[in-house]
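Dumped model-v2.tsv below, it's TSV, C-alpha atoms:
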chain	number	residue	atom	x	y	z
A	26	MET	CA	107.93	71.43	-19.34
A	27	THR	CA	104.38	70.87	-18.18
A	28	GLU	CA	102.38	67.91	-19.32
A	29	ARG	CA	100.85	68.34	-22.76
A	30	ALA	CA	98.16	66.05	-24.11
A	31	VAL	CA	96.37	65.25	-27.34
A	32	GLN	CA	93.22	63.20	-27.74
A	33	LEU	CA	92.06	61.83	-31.05
A	34	GLU	CA	89.05	59.71	-31.89
A	35	ILE	CA	89.28	57.99	-35.25
A	36	PRO	CA	86.64	56.06	-37.12
A	37	ALA	CA	87.56	52.38	-37.31
A	38	GLY	CA	88.75	52.62	-40.92
A	39	ALA	CA	92.15	51.66	-42.33
A	40	GLU	CA	92.52	55.09	-43.94
A	41	PHE	CA	92.70	56.74	-40.49
A	42	VAL	CA	95.75	54.86	-39.20
A	43	ALA	CA	98.03	57.31	-41.03
A	44	LEU	CA	96.31	60.19	-39.21
A	45	ALA	CA	96.99	58.57	-35.83
A	46	ARG	CA	100.66	58.13	-36.80
A	47	LEU	CA	100.87	61.74	-37.92
A	48	VAL	CA	99.37	63.17	-34.74
A	49	VAL	CA	101.51	61.05	-32.41
A	50	SER	CA	104.72	61.69	-34.35
A	51	ALA	CA	104.01	65.45	-34.41
A	52	MET	CA	103.53	65.38	-30.65
A	53	ALA	CA	106.68	63.30	-30.18
A	54	ALA	CA	108.75	65.58	-32.38
A	55	GLY	CA	107.43	68.80	-30.88
A	56	GLU	CA	107.08	68.01	-27.22
A	57	THR	CA	109.86	65.58	-26.43
A	58	GLN	CA	113.56	65.03	-26.87
A	59	LEU	CA	113.16	61.78	-28.74
A	60	SER	CA	115.57	61.27	-31.63
A	61	ASP	CA	114.15	60.94	-35.13
A	62	ASP	CA	114.89	57.20	-35.07
A	63	ARG	CA	112.88	56.73	-31.90
A	64	VAL	CA	110.00	58.79	-33.26
A	65	ASP	CA	110.04	56.43	-36.27
A	66	ASP	CA	109.96	53.45	-33.88
A	67	LEU	CA	106.96	54.94	-32.08
A	68	LYS	CA	105.15	55.54	-35.39
A	69	ILE	CA	105.43	51.84	-36.24
A	70	ALA	CA	104.18	50.81	-32.78
A	71	VAL	CA	101.22	53.20	-33.05
A	72	SER	CA	100.44	51.91	-36.52
A	73	GLU	CA	100.46	48.30	-35.30
A	74	ALA	CA	98.26	49.03	-32.28
A	75	CYS	CA	95.76	51.08	-34.33
A	76	THR	CA	95.65	48.39	-37.02
A	77	ASN	CA	94.79	45.79	-34.38
A	78	ALA	CA	92.14	48.10	-32.90
A	79	ILE	CA	90.51	48.73	-36.26
A	80	GLU	CA	90.52	45.04	-37.12
A	81	ALA	CA	88.92	44.32	-33.74
A	82	HIS	CA	86.11	46.77	-34.57
A	83	ASP	CA	85.74	45.31	-38.07
A	84	ALA	CA	85.28	41.86	-36.57
A	85	LEU	CA	82.38	43.15	-34.48
A	86	ASP	CA	81.02	45.38	-37.26
A	87	THR	CA	80.79	48.21	-34.73
A	88	GLU	CA	80.62	51.91	-35.59
A	89	GLU	CA	82.43	52.87	-32.37
A	90	ARG	CA	85.58	54.92	-32.69
A	91	VAL	CA	89.12	54.10	-31.66
A	92	LEU	CA	90.56	56.43	-29.03
A	93	VAL	CA	94.16	57.57	-29.31
A	94	GLU	CA	95.55	59.62	-26.42
A	95	CYS	CA	99.06	60.97	-26.23
A	96	TRP	CA	100.75	62.95	-23.54
A	97	ALA	CA	104.26	63.97	-22.64
A	98	ASP	CA	106.08	65.37	-19.64
A	99	GLU	CA	109.70	65.95	-18.65
A	100	SER	CA	110.58	62.27	-18.60
A	101	HIS	CA	108.50	60.38	-21.11
A	102	LEU	CA	105.90	60.23	-23.83
A	103	GLU	CA	102.94	57.94	-23.40
A	104	VAL	CA	100.37	56.81	-25.97
A	105	ARG	CA	97.17	54.92	-25.17
A	106	ILE	CA	95.14	53.27	-27.91
A	107	GLU	CA	91.76	51.98	-26.86
A	108	ASP	CA	89.24	49.95	-28.81
A	109	ARG	CA	85.83	48.43	-28.13
A	110	GLY	CA	86.55	45.09	-29.76
A	111	SER	CA	86.07	41.70	-28.17
A	112	GLY	CA	89.56	41.59	-26.64
A	113	PHE	CA	92.26	38.95	-26.83
A	114	ASP	CA	94.60	37.05	-24.56
A	115	VAL	CA	98.05	38.54	-25.10
A	116	SER	CA	99.64	35.57	-23.32
A	117	ASP	CA	98.07	33.17	-25.81
A	118	LEU	CA	99.33	34.48	-29.14
A	119	PRO	CA	100.37	31.85	-31.71
A	120	GLU	CA	104.10	31.34	-32.07
A	121	HIS	CA	105.64	31.44	-35.50
A	122	PRO	CA	108.06	28.76	-36.70
A	123	PRO	CA	111.70	29.86	-36.81
A	124	VAL	CA	112.51	32.08	-39.78
A	125	THR	CA	114.75	29.38	-41.19
A	126	ASP	CA	111.79	26.95	-41.34
A	127	PRO	CA	110.05	26.95	-44.78
A	128	GLU	CA	106.76	26.72	-42.86
A	129	ARG	CA	107.42	30.30	-41.72
A	130	LEU	CA	106.13	31.56	-45.05
A	131	LYS	CA	102.65	30.35	-44.15
A	132	PHE	CA	102.42	33.16	-41.59
A	133	GLU	CA	101.73	36.54	-43.17
A	134	ARG	CA	100.26	37.99	-39.98
A	135	GLY	CA	101.09	38.12	-36.31
A	136	LEU	CA	104.22	40.28	-36.49
A	137	GLY	CA	102.61	43.43	-35.09
A	138	ILE	CA	102.80	42.72	-31.37
A	139	PRO	CA	106.42	41.47	-31.52
A	140	LEU	CA	107.30	44.68	-33.35
A	141	ILE	CA	105.56	46.81	-30.72
A	142	ARG	CA	107.41	44.99	-27.93
A	143	ALA	CA	110.76	45.53	-29.66
A	144	LEU	CA	110.29	49.18	-30.59
A	145	VAL	CA	108.97	50.94	-27.48
A	146	ASP	CA	110.47	51.21	-24.01
A	147	GLU	CA	107.36	49.94	-22.23
A	148	VAL	CA	104.17	48.33	-23.44
A	149	GLU	CA	101.14	47.17	-21.54
A	150	PHE	CA	98.06	45.41	-22.89
A	151	SER	CA	94.80	45.51	-20.94
A	152	SER	CA	92.17	43.41	-22.62
A	153	SER	CA	88.71	42.18	-21.72
A	154	GLY	CA	85.52	41.28	-23.53
A	155	ASP	CA	84.73	45.00	-23.71
A	156	GLY	CA	87.85	46.05	-25.53
A	157	THR	CA	91.59	46.43	-25.44
A	158	ALA	CA	93.82	49.26	-24.30
A	159	VAL	CA	97.46	49.38	-25.36
A	160	ARG	CA	99.80	51.68	-23.45
A	161	LEU	CA	103.05	52.60	-25.17
A	162	VAL	CA	105.81	54.49	-23.37
A	163	MET	CA	108.95	56.11	-24.74
A	164	HIS	CA	111.38	57.59	-22.26
A	165	HIS	CA	113.18	60.72	-23.34
A	166	ASP	CA	116.63	60.06	-24.72
A	167	ASP	CA	118.39	62.01	-21.94
A	168	GLU	CA	116.46	59.98	-19.33
A	169	LEU	CA	117.72	56.78	-20.93
A	170	ASP	CA	121.28	58.16	-20.97
A	171	GLY	CA	120.97	58.80	-17.27
A	172	GLU	CA	120.05	55.18	-16.63
A	173	GLU	CA	123.16	53.86	-18.37
B	3	MET	CA	97.72	58.64	-48.86
B	4	ASP	CA	99.53	57.85	-52.09
B	5	LEU	CA	101.12	54.53	-52.80
B	6	GLY	CA	103.21	54.39	-55.95
B	7	LEU	CA	103.65	51.04	-57.68
B	8	ASP	CA	105.79	51.31	-60.81
B	9	VAL	CA	106.65	48.24	-62.85
B	10	SER	CA	109.59	47.90	-65.18
B	11	GLU	CA	111.62	45.08	-66.71
B	12	ARG	CA	115.30	44.61	-66.11
B	13	ASP	CA	117.52	41.77	-67.35
B	14	GLY	CA	114.89	39.05	-66.94
B	15	TYR	CA	113.50	40.48	-63.71
B	16	THR	CA	110.32	42.42	-63.14
B	17	VAL	CA	111.05	45.38	-60.89
B	18	LEU	CA	108.20	46.66	-58.73
B	19	ALA	CA	109.22	50.03	-57.30
B	20	VAL	CA	107.12	50.97	-54.29
B	21	ARG	CA	106.75	54.58	-53.15
B	22	GLY	CA	105.00	56.08	-50.14
B	23	GLU	CA	103.61	54.47	-47.01
B	24	VAL	CA	102.73	50.79	-46.74
B	25	ASP	CA	100.22	50.13	-43.99
B	26	VAL	CA	96.83	48.47	-43.46
B	27	TYR	CA	95.20	50.97	-45.84
B	28	THR	CA	97.63	50.73	-48.76
B	29	ALA	CA	98.84	47.13	-48.36
B	30	PRO	CA	95.84	45.62	-50.22
B	31	ARG	CA	96.82	47.53	-53.42
B	32	PHE	CA	100.42	46.37	-53.03
B	33	ARG	CA	99.25	42.77	-52.54
B	34	GLU	CA	96.93	42.92	-55.58
B	35	ARG	CA	99.71	44.26	-57.80
B	36	LEU	CA	102.08	41.50	-56.76
B	37	ILE	CA	99.39	38.87	-57.36
B	38	GLU	CA	98.66	40.37	-60.80
B	39	LEU	CA	102.32	40.18	-61.75
B	40	VAL	CA	102.58	36.56	-60.69
B	41	SER	CA	99.37	35.78	-62.62
B	42	GLU	CA	100.97	37.39	-65.70
B	43	GLY	CA	103.80	34.88	-65.42
B	44	LYS	CA	106.32	37.22	-63.82
B	45	HIS	CA	108.07	34.84	-61.47
B	46	ARG	CA	111.34	36.69	-60.85
B	47	ILE	CA	110.44	39.88	-59.09
B	48	ILE	CA	112.55	42.55	-57.44
B	49	VAL	CA	110.63	44.77	-55.02
B	50	ASP	CA	112.45	48.08	-54.74
B	51	LEU	CA	111.66	49.66	-51.35
B	52	GLU	CA	113.97	52.66	-51.70
B	53	GLY	CA	111.01	55.01	-52.17
B	54	VAL	CA	109.09	53.71	-49.16
B	55	ASP	CA	108.67	56.22	-46.33
B	56	PHE	CA	106.94	53.88	-43.90
B	57	LEU	CA	106.36	50.13	-43.68
B	58	ASP	CA	104.72	48.16	-40.87
B	59	SER	CA	103.82	44.51	-40.38
B	60	THR	CA	101.03	44.59	-42.95
B	61	GLY	CA	103.66	45.45	-45.55
B	62	LEU	CA	105.86	42.63	-44.29
B	63	GLY	CA	102.86	40.31	-44.64
B	64	VAL	CA	102.43	41.30	-48.29
B	65	LEU	CA	106.09	40.53	-48.98
B	66	VAL	CA	105.98	37.19	-47.14
B	67	GLY	CA	102.84	36.26	-49.12
B	68	GLY	CA	104.50	37.31	-52.36
B	69	LEU	CA	107.60	35.25	-51.65
B	70	LYS	CA	105.49	32.21	-50.82
B	71	ARG	CA	103.48	32.62	-54.03
B	72	LEU	CA	106.60	33.01	-56.17
B	73	ARG	CA	108.42	30.09	-54.62
B	74	SER	CA	105.42	27.89	-55.40
B	75	HIS	CA	106.14	28.79	-59.05
B	76	ASP	CA	109.87	28.11	-58.63
B	77	GLY	CA	110.40	31.85	-58.74
B	78	ASP	CA	111.91	34.31	-56.33
B	79	LEU	CA	111.33	37.71	-54.78
B	80	LEU	CA	114.33	39.89	-54.07
B	81	LEU	CA	114.28	43.14	-52.14
B	82	VAL	CA	116.19	46.38	-52.59
B	83	CYS	CA	116.47	48.47	-49.45
B	84	THR	CA	119.17	50.57	-47.83
B	85	GLN	CA	117.04	52.65	-45.45
B	86	SER	CA	117.85	51.75	-41.87
B	87	ARG	CA	114.35	52.55	-40.60
B	88	ILE	CA	112.83	50.06	-43.07
B	89	LEU	CA	115.56	47.44	-42.63
B	90	LYS	CA	114.97	47.60	-38.90
B	91	VAL	CA	111.53	45.97	-39.16
B	92	PHE	CA	113.02	43.10	-41.18
B	93	GLU	CA	115.78	42.67	-38.60
B	94	ILE	CA	113.45	42.68	-35.59
B	95	THR	CA	111.15	40.09	-37.15
B	96	GLY	CA	114.02	37.91	-38.36
B	97	LEU	CA	112.92	38.32	-41.96
B	98	THR	CA	116.42	39.34	-43.06
B	99	LYS	CA	117.03	35.57	-43.00
B	100	VAL	CA	114.04	34.90	-45.24
B	101	PHE	CA	114.57	37.59	-47.89
B	102	SER	CA	117.59	38.39	-50.00
B	103	ILE	CA	118.05	42.14	-49.55
B	104	TYR	CA	120.30	44.16	-51.86
B	105	ASP	CA	121.59	47.73	-51.93
B	106	SER	CA	120.42	48.42	-55.48
B	107	VAL	CA	118.48	46.93	-58.38
B	108	ASP	CA	121.84	46.52	-60.15
B	109	ASP	CA	123.14	44.41	-57.27
B	110	ALA	CA	119.96	42.31	-57.16
B	111	VAL	CA	120.04	41.62	-60.90
B	112	ALA	CA	123.72	40.68	-60.72
B	113	ALA	CA	123.23	38.29	-57.79
This entry written out as structure tokens:
Amino acid sequence: MTERAVQLEIPAGAEFVALARLVVSAMAAGETQLSDDRVDDLKIAVSEACTNAIEAHDALDTEERVLVECWADESHLEVRIEDRGSGFDVSDLPEHPPVTDPERLKFERGLGIPLIRALVDEVEFSSSGDGTAVRLVMHHDDELDGEE
Amino acid sequence: MDLGLDVSERDGYTVLAVRGEVDVYTAPRFRERLIELVSEGKHRIIVDLEGVDFLDSTGLGVLVGGLKRLRSHDGDLLLVCTQSRILKVFEITGLTKVFSIYDSVDDAVAA
């Protein structure tokens, strides 16, 4: 299988996150050997990353678009989501209280990045004052089997 | 993208059945409906997620906010969910320890 790629630019509107999920999941289902469960995992990670990107654009009131790139080859599928927001320090995210602590209910946000980390095989955040790029990688299921 | 929010009453509980995809676009409608129900004095709510095709952290945020609001009224919010792909996000985030999750509305009402 040769490398296949899709590029999508979406306006920074909440209604376009579903489109990004649809395109990436179609690519994952058609071009890779990922199981349905792992395609579902990737959809959640893409949704979280696009939501963060759109909120970053909202905060700056910018009309710039969010770039979603997806490509696959024999071994893996990779998605890159790039925004032009003001960036953030991924090492400085607030920690939530333990779930057994009643104070936990004060935190309705902040679960997106932990979900991304748990659901994809590799994730990389590159952030600066000019924007953030999130790289998500899913290895093909047979590649993972080979590692075990 | 459609989000279905159907309300019914069942043995002293208000059942909010959610259908479709819950994400940053649809979550505000879900949040508003929950807030409306609480404002109407419905303080024992079952959110039925069996018809949900997709739920991300914005949906979790709505549920956490709803639970907080109901507990401040001495109420409760129970969930119905058997779909592994939806349960997975609760498990990863530890929220299975925060919410009571049942296999059916019948089971939730009987709890």
Residues at most 7 Å from stretch 76-92 of chain B, counting all atoms listed in the file, excluding those fewer than 3 positions away in the same chain, as a VMD selection string?
chain B and resid 45 to 52 57 69 72 to 73 95 to 98 101 to 107 110
Within 6 Å of chain B, which residues of chain A come that close, and what is the closest atom pair and distance in Å for each? Count only C-alpha atoms and give it as JSON lines.
{"residue": "A:Ala39", "atom": "CA", "partner": "B:Tyr27", "partner_atom": "CA", "distance": 4.7}
{"residue": "A:Glu40", "atom": "CA", "partner": "B:Tyr27", "partner_atom": "CA", "distance": 5.3}
{"residue": "A:Ile69", "atom": "CA", "partner": "B:Asp58", "partner_atom": "CA", "distance": 6.0}
{"residue": "A:Leu130", "atom": "CA", "partner": "B:Lys70", "partner_atom": "CA", "distance": 5.8}
{"residue": "A:Glu133", "atom": "CA", "partner": "B:Gly63", "partner_atom": "CA", "distance": 4.2}
{"residue": "A:Arg134", "atom": "CA", "partner": "B:Gly63", "partner_atom": "CA", "distance": 5.8}
{"residue": "A:Leu136", "atom": "CA", "partner": "B:Ser59", "partner_atom": "CA", "distance": 5.8}
{"residue": "A:Gly137", "atom": "CA", "partner": "B:Ser59", "partner_atom": "CA", "distance": 5.5}
Tell me which protein, DNA and RNA residues are within 9 Å of B:Asp8, counting all atoms listed in the file, leaving out same-chain ones fewer than 4 positions away, and put them as a PyMOL selection string.
chain B and resi 17-21
How far is it from atom CA of A:Glu94 to atom CA of A:Leu33, in Å with one decimal?
6.2 Å
